[in-house]
Amino acid sequence: MSAPKANLEVLPRSVQVALTLGLGALLAFPFAGSDFYTQMVTRMMIMAIFAMSLDLLQGVTGLVSLGHAAYFGLAGYALAFLTPAGAAVSLWWTLPAAVAASGLAALIIGFFVVRTQGIYFIMVTMAFAQMVFYLFFDNKVLGGSDGLYINFKPDASIFGWVPFDLDSKATMYYVTLALMLLVYVFLRRLLWSPFGRALAGIRVNEHRMRAMGFGTFGYKLSAFTLAGALAGLAGYLWGCQTGYMNPELMGFYMSADALMMVILGGMGNFAGAIVGAFAFEVLLNVFKDLPQVGGINLGKHWQLWIGLFIVLVVTFAPRGLLGLVQRLRPRKESAGE
Amino acid sequence: MDFPTFLIQLLNSVQYGLLLFMLAAGLTLIFGIIGVVNLAHGSFYMLGAYLAYSLSSLLGSLAVAIACGAVLSVIFGLALEWLLFRHFYERDHLDQVLLTFGLIYIFEEMRSILWGDDVHSVPIPDVLAASIPLTDTLSYPVYRLVISGVCVALAIGLYLLISKTRLGMKIRAGAFNRDMTEALGVNIKLIHAIVFALGVALASVAGMIAAPVSSVYPNMGSQVLIMCFVVVVIGGIGSVRGALIAALLVGLVDTFGKVLLPHISGMLVYMLMAAVLLWKPQGLFKQ
């Protein structure tokens with residue numbers, strides 16, 4: 001049996017329409033929803049950026065990382081360290097600095113992990129992420145197990161002119177939406193570039209790519225670094241939005257959640273990662289809000305439901321939600337003939 | 001560092017290393033023979049620790065608790081294999097990763113429902129509660145030596161099972177060429193079920209014997225799982241011998257790191273892993 005590697009490069013018309021409708025809904029959302037829901041959807045979009053960055057590795061290049069949260073967390077922590085206790089810092093240099101920090105960490109760790117393959121890669125990425133986790137968890141200077149607060153949101157003013165103010169929940173929402181779209185368009189373009197084609201080639205057959213003269217190590221390391229930097233972008237936004245970073249954000253569960261989002265939505269086309277991130281976050285909220293039934297608080301045990309859900313999805317729908325749509329379509333068409 | 005202190009640290013590192021080996025051996029056996037990646041392996045360790053806690057207070061004896069717990073773990077392993085894992089043997093590693101990740105969530109929550117979120121301790125049996133005096137002020141607890149002894153005994157048993165018995169021969173043949181072994185009339189499905197249950201039992205027994213010294217607490221599985229991965233990566237996947245050497249190495253680096261270089265002790269093991277990867281990306285004893 002082959003791997004669930006649905007690389008739906010040209011999205012089917014129905015999916016395109018659904019995505020456009022979804023975008024319209026996202027644009028209008030802050031006008032309809034309360035502050036609470038605006039923040040919730042902002043969080044979902046941040047997770048969508050994070051999931052897309054992982055999809056570049058997982059869906060496009062075929063490298064399944066179980067330690068991607070490390071780069072997410074590092075940029076958020078970078079923001080926390082760069083923000084003084086009593087004042088805001090400029091967005092315009094902290095954002096590149098934080099993203100670069102994540103990218104650099106991914107470059108260094110990538111140098112070790114990219115040498116390995118398959119299940120080794122999974123274990124090694126996980127082990128390195130855990131190293132980063134313990135580095136922060138064990139050191140009081142780095143916030144320790146309590147984490148760090150970011151009391152002031154980064155300031156977006158340019159020489160006194162303020163284009164937008166991240167303190168406003170709606171503005172934070174639209175900035176995140178804009179960045180999510182930017183990352184999506186960038187990654188879709190990348191998919192079609194010679195670089196993206198080479199990555200896809202590595203996923204299908206790395207030996208053949210090497211035989212054709214591609215330096216696959218360099219390509220994989222570049223992909224790993226870029227994915228780390230984009231995860232950093234998500235982490236930075238997370239730090240901005242929540243004003244708080246803790247080691248759990250770099251931990252095993254965070255990495256695995258992102259993996260689940262990518263699988264859930266469908267791999268290799270980035271739209272799936274967005275859909276998966278939204279679906280996963282919605283599900284989490286549904287599970288957490290489950291009612292009390294006969295003395296048992298179902299919502300309290302949300303981890304049980306999410307676990308059962310993951311087991312059921314992987315058993316019955318290994319190609320994810322978009323893959324499910326894709327699989328149903330031809331059947332419907334042939335039935336109509 | 002004077003000699004008695006050194007000796008204590010050495011014994012501690014060997015004990016930790018041997019315990020890691022029991023876990024890593026199960027992990028690497030399940031991967032090497034069946035081809036299944038099992039992230040939930042740490043959960044079996046946790047299960048063992050909680051079983052030791054409940055059964056020893058219920059039955060009044062840790063030894064009886066471990067015996068009963070081992071049997072329960074084997075049954076649990078067989079049930080899990082029959083219900084879920086056997087459907088994933090031919091699937092992609094990614095599916096296995098997800099399945100077992102989902103199981104971690106389920107096991108953690110079941111643990112929370114059944115046992116709560118408190119930290120528990122398991123008393124060391126009276127017979128083994130003594131210490132061996134090394135100097136006037138330093139002594140070594142007998143129970144830690146017992147842990148090492150049990151691990152060594154199980155390791156030897158495992159070695160004999162795999163290399164000397166008829167079942168071991170079939171296991172090795174199945175790992176080498178599944179179809180050919182099946183064609184020769186070996187019930188490979190049964191062999192896989194046995195290997196899986198064996199791996200579960202090894203992890204669970206490790207959790208049970210470690211419970212009195214490590215105490216019993218939520219999420220104890222995930223920490224040990226990562227260490228297992230480090231051991232398997234260093235040793236080379238599928239290699240039991242590699243797992244033994246890597247586990248002892250990790251035990252030494254971790255224990256002495258805490259004494260000699262406390263500031264970076266948490267990272268030393270990973271630095272060791274990075275160094276090995278640079279030198280041999282497939283691990284020290286790739287099969």
# chains A, B, ... in the order shown; residues from 1 in each chain; ligands from 1
call {"tool": "select_by_dssp", "arguments": {"residues": "range 82-210 of chain B", "states": "alpha helix (DSSP H)", "output": "PyMOL selection string"}}
result
chain B and resi 82-83+93-115+142-164+166-176+178-183+188-210
call {"tool": "residues_around", "arguments": {"residues": "Thr5 in chain B", "least_positions_apart": "5", "cutoff": "10 Å", "atoms": "only C-alpha atoms", "output": "VMD selection string"}}
result
chain B and resid 10 to 11 134 to 135 138 to 140
call {"tool": "select_by_dssp", "arguments": {"residues": "range 30-279 of chain A", "states": "strand (DSSP E)", "output": "list in words"}}
result
Leu148, Tyr149, Tyr244 and Met245 of chain A
call {"tool": "write_last_selection", "arguments": {"atoms": "N, CA, C and O atoms", "output": "PDB file, in the first residue's frame"}}
result
ATOM      1  N   LEU A 148       7.465  32.949  29.643  1.00  0.00           N
ATOM      2  CA  LEU A 148       7.758  34.383  29.646  1.00  0.00           C
ATOM      3  C   LEU A 148       6.546  35.173  29.181  1.00  0.00           C
ATOM      4  O   LEU A 148       5.799  34.726  28.310  1.00  0.00           O
ATOM      5  N   TYR A 149       6.387  36.376  29.737  1.00  0.00           N
ATOM      6  CA  TYR A 149       5.302  37.254  29.292  1.00  0.00           C
ATOM      7  C   TYR A 149       5.828  38.296  28.314  1.00  0.00           C
ATOM      8  O   TYR A 149       6.958  38.751  28.423  1.00  0.00           O
ATOM      9  N   TYR A 244       2.287  35.661  25.662  1.00  0.00           N
ATOM     10  CA  TYR A 244       2.816  34.696  26.620  1.00  0.00           C
ATOM     11  C   TYR A 244       3.438  33.525  25.875  1.00  0.00           C
ATOM     12  O   TYR A 244       2.845  33.014  24.918  1.00  0.00           O
ATOM     13  N   MET A 245       4.637  33.133  26.280  1.00  0.00           N
ATOM     14  CA  MET A 245       5.256  31.946  25.680  1.00  0.00           C
ATOM     15  C   MET A 245       5.599  30.963  26.787  1.00  0.00           C
ATOM     16  O   MET A 245       6.100  31.368  27.839  1.00  0.00           O
TER      17      MET A 245
END
call {"tool": "interface_residues", "arguments": {"of": "chain B", "to": "chain A", "cutoff": "6 Å", "atoms": "only C-alpha atoms", "output": "PyMOL selection string"}}
result
chain B and resi 92+99+102+105-106+109+229+267+281
call {"tool": "residues_around", "arguments": {"residues": "range 23-36 of chain B", "least_positions_apart": "6", "cutoff": "9 Å", "atoms": "only C-alpha atoms", "output": "PyMOL selection string"}}
result
chain B and resi 42+45+85+88-91+93+96-97+155+171-172+174-176+192+195-196+198-204+206-207+224-225+227-229+231-232+236-241+243-244+247
call {"tool": "write_last_selection", "arguments": {"atoms": "N, CA and C atoms", "output": "compact mmCIF listing (two decimals), in the first residue's frame"}}
result
# COMPACT_ATOMS: atom_id res chain seq x y z
N GLY B 42 6.21 4.75 25.28
CA GLY B 42 6.35 5.37 26.59
C GLY B 42 5.11 5.18 27.45
N TYR B 45 5.28 2.06 29.42
CA TYR B 45 6.13 2.25 30.60
C TYR B 45 5.31 2.88 31.74
N PHE B 85 -3.16 -2.61 15.88
CA PHE B 85 -1.86 -2.54 15.23
C PHE B 85 -1.74 -3.43 14.00
N PHE B 88 -2.15 -2.03 10.70
CA PHE B 88 -1.24 -0.95 10.29
C PHE B 88 0.14 -1.47 9.86
N TYR B 89 0.33 -2.79 9.87
CA TYR B 89 1.65 -3.33 9.53
C TYR B 89 2.07 -2.96 8.12
N GLU B 90 1.12 -2.94 7.19
CA GLU B 90 1.46 -2.69 5.80
C GLU B 90 1.31 -1.22 5.44
N ARG B 91 0.88 -0.42 6.40
CA ARG B 91 0.64 0.98 6.11
C ARG B 91 1.92 1.80 6.20
N HIS B 93 4.64 4.61 7.39
CA HIS B 93 5.11 4.96 8.73
C HIS B 93 4.35 6.15 9.30
N GLN B 96 1.33 5.10 11.00
CA GLN B 96 1.65 4.47 12.29
C GLN B 96 1.97 5.53 13.34
N VAL B 97 2.69 6.56 12.90
CA VAL B 97 3.02 7.65 13.81
C VAL B 97 1.74 8.30 14.33
N ALA B 155 17.56 -9.19 29.88
CA ALA B 155 18.32 -9.03 28.64
C ALA B 155 18.89 -10.35 28.18
N ILE B 171 11.23 -15.81 14.52
CA ILE B 171 11.17 -14.35 14.60
C ILE B 171 12.22 -13.74 13.67
N ARG B 172 13.45 -14.28 13.75
CA ARG B 172 14.52 -13.72 12.92
C ARG B 172 14.24 -13.95 11.44
N GLY B 174 11.33 -14.25 10.05
CA GLY B 174 10.23 -13.37 9.65
C GLY B 174 10.70 -11.94 9.41
N ALA B 175 11.67 -11.51 10.22
CA ALA B 175 12.18 -10.16 10.03
C ALA B 175 13.00 -10.08 8.75
N PHE B 176 13.67 -11.19 8.42
CA PHE B 176 14.55 -11.21 7.25
C PHE B 176 13.75 -11.28 5.96
N HIS B 192 4.18 -12.09 14.94
CA HIS B 192 4.11 -10.64 15.12
C HIS B 192 3.37 -10.28 16.40
N VAL B 195 5.70 -10.90 19.29
CA VAL B 195 6.76 -9.89 19.39
C VAL B 195 6.20 -8.58 19.94
N PHE B 196 5.02 -8.21 19.44
CA PHE B 196 4.42 -6.96 19.91
C PHE B 196 4.13 -7.04 21.41
N LEU B 198 5.49 -8.91 23.56
CA LEU B 198 6.78 -8.96 24.26
C LEU B 198 7.33 -7.55 24.47
N GLY B 199 7.24 -6.73 23.41
CA GLY B 199 7.70 -5.34 23.52
C GLY B 199 6.91 -4.56 24.56
N VAL B 200 5.59 -4.73 24.53
CA VAL B 200 4.73 -4.07 25.52
C VAL B 200 5.11 -4.51 26.93
N ALA B 201 5.30 -5.82 27.09
CA ALA B 201 5.61 -6.36 28.42
C ALA B 201 6.96 -5.85 28.91
N LEU B 202 7.96 -5.76 28.02
CA LEU B 202 9.28 -5.26 28.42
C LEU B 202 9.16 -3.82 28.94
N ALA B 203 8.44 -2.98 28.19
CA ALA B 203 8.27 -1.59 28.61
C ALA B 203 7.53 -1.51 29.93
N SER B 204 6.48 -2.30 30.03
CA SER B 204 5.66 -2.27 31.23
C SER B 204 6.42 -2.76 32.46
N ALA B 206 9.63 -2.66 32.84
CA ALA B 206 10.59 -1.60 33.16
C ALA B 206 9.92 -0.54 34.02
N GLY B 207 8.71 -0.15 33.65
CA GLY B 207 7.97 0.83 34.44
C GLY B 207 7.68 0.33 35.84
N VAL B 224 10.45 9.43 28.79
CA VAL B 224 11.23 8.22 28.60
C VAL B 224 11.21 7.81 27.12
N LEU B 225 10.12 8.14 26.43
CA LEU B 225 10.02 7.82 25.01
C LEU B 225 11.11 8.53 24.20
N MET B 227 13.98 9.60 25.27
CA MET B 227 15.26 8.98 25.58
C MET B 227 15.43 7.67 24.80
N CYS B 228 14.32 6.92 24.69
CA CYS B 228 14.36 5.68 23.90
C CYS B 228 14.73 5.97 22.46
N PHE B 229 14.14 7.03 21.91
CA PHE B 229 14.44 7.39 20.53
C PHE B 229 15.92 7.71 20.38
N VAL B 231 18.32 6.60 22.17
CA VAL B 231 19.05 5.34 22.26
C VAL B 231 18.98 4.57 20.94
N VAL B 232 17.79 4.51 20.37
CA VAL B 232 17.61 3.75 19.13
C VAL B 232 18.37 4.42 17.98
N GLY B 236 21.33 2.39 16.32
CA GLY B 236 21.00 1.87 14.98
C GLY B 236 19.70 1.11 15.08
N ILE B 237 18.76 1.49 14.23
CA ILE B 237 17.41 0.95 14.38
C ILE B 237 17.38 -0.55 14.07
N GLY B 238 16.61 -1.29 14.85
CA GLY B 238 16.49 -2.72 14.64
C GLY B 238 17.58 -3.54 15.30
N SER B 239 18.60 -2.87 15.84
CA SER B 239 19.70 -3.62 16.45
C SER B 239 19.57 -3.66 17.96
N VAL B 240 19.37 -4.86 18.50
CA VAL B 240 19.23 -4.99 19.96
C VAL B 240 20.57 -4.76 20.64
N ARG B 241 21.65 -5.26 20.00
CA ARG B 241 22.98 -5.07 20.56
C ARG B 241 23.31 -3.57 20.59
N ALA B 243 21.20 -1.18 20.75
CA ALA B 243 20.38 -0.56 21.79
C ALA B 243 21.04 -0.70 23.15
N LEU B 244 21.63 -1.87 23.42
CA LEU B 244 22.28 -2.11 24.71
C LEU B 244 23.45 -1.15 24.90
N ALA B 247 22.27 2.47 25.11
CA ALA B 247 21.58 2.76 26.37
C ALA B 247 22.59 2.97 27.50
call {"tool": "residues_around", "arguments": {"residues": "range 206-209 of chain A", "least_positions_apart": "6", "cutoff": "12 Å", "atoms": "only C-alpha atoms", "output": "PyMOL selection string"}}
result
chain A and resi 61-63+117-118+197-200+215-217+219-220
call {"tool": "atom_distance", "arguments": {"atom1": "CA of Leu19 in chain B", "atom2": "CA of Ile209 in chain B"}}
result
9.0 Å
call {"tool": "closest_residue", "arguments": {"among": "B:Phe3, B:Trp82, B:Tyr50, B:Phe256", "to": "Ile66 in chain B", "atoms": "only C-alpha atoms"}}
result
B:Tyr50
call {"tool": "atom_distance", "arguments": {"atom1": "CA of Val282 in chain A", "atom2": "CA of Trp238 in chain A"}}
result
17.5 Å
call {"tool": "atom_distance", "arguments": {"atom1": "CA of Leu128 in chain B", "atom2": "CA of Leu59 in chain B"}}
result
17.5 Å
call {"tool": "residues_around", "arguments": {"residues": "Met273 in chain B", "least_positions_apart": "2", "cutoff": "9 Å", "atoms": "only C-alpha atoms", "output": "list in words"}}
result
Val124 and Ala127 of chain A; Val230, Val231, Val233, Ile234, Leu268, Val269, Tyr270, Met271, Ala275, Val276, Leu277, Leu278 and Gly283 of chain B
call {"tool": "residues_around", "arguments": {"residues": "Val142 in chain B", "least_positions_apart": "6", "cutoff": "8 Å", "atoms": "only C-alpha atoms", "output": "PyMOL selection string"}}
result
chain B and resi 128-132
call {"tool": "write_last_selection", "arguments": {"atoms": "all heavy atoms", "output": "CSV table (one decimal), in the first residue's frame"}}
result
chain,number,residue,atom,x,y,z
B,128,LEU,N,14.3,-5.5,50.5
B,128,LEU,CA,15.3,-4.8,49.6
B,128,LEU,C,15.5,-3.4,50.0
B,128,LEU,O,16.2,-2.7,49.3
B,128,LEU,CB,14.8,-4.9,48.2
B,128,LEU,CG,14.4,-6.3,47.6
B,128,LEU,CD1,13.7,-6.2,46.3
B,128,LEU,CD2,15.6,-7.1,47.6
B,129,ALA,N,15.0,-3.0,51.2
B,129,ALA,CA,15.1,-1.6,51.5
B,129,ALA,C,16.5,-1.2,52.1
B,129,ALA,O,16.7,0.0,52.4
B,129,ALA,CB,14.0,-1.2,52.5
B,130,ALA,N,17.3,-2.2,52.2
B,130,ALA,CA,18.6,-1.9,52.9
B,130,ALA,C,19.6,-1.1,52.0
B,130,ALA,O,19.3,-0.9,50.8
B,130,ALA,CB,19.3,-3.2,53.3
B,131,SER,N,20.7,-0.6,52.5
B,131,SER,CA,21.7,0.0,51.7
B,131,SER,C,23.1,-0.7,52.0
B,131,SER,O,23.3,-1.2,53.1
B,131,SER,CB,21.8,1.5,52.1
B,131,SER,OG,20.6,2.1,51.8
B,132,ILE,N,23.9,-0.6,51.1
B,132,ILE,CA,25.3,-1.1,51.3
B,132,ILE,C,26.2,0.0,51.6
B,132,ILE,O,26.3,0.9,50.8
B,132,ILE,CB,25.8,-1.8,50.0
B,132,ILE,CG1,24.9,-3.0,49.6
B,132,ILE,CG2,27.2,-2.4,50.2
B,132,ILE,CD1,25.1,-3.5,48.2
call {"tool": "residues_around", "arguments": {"residues": "His68 in chain A", "least_positions_apart": "3", "cutoff": "10 Å", "atoms": "only C-alpha atoms", "output": "count of residues only"}}
result
28
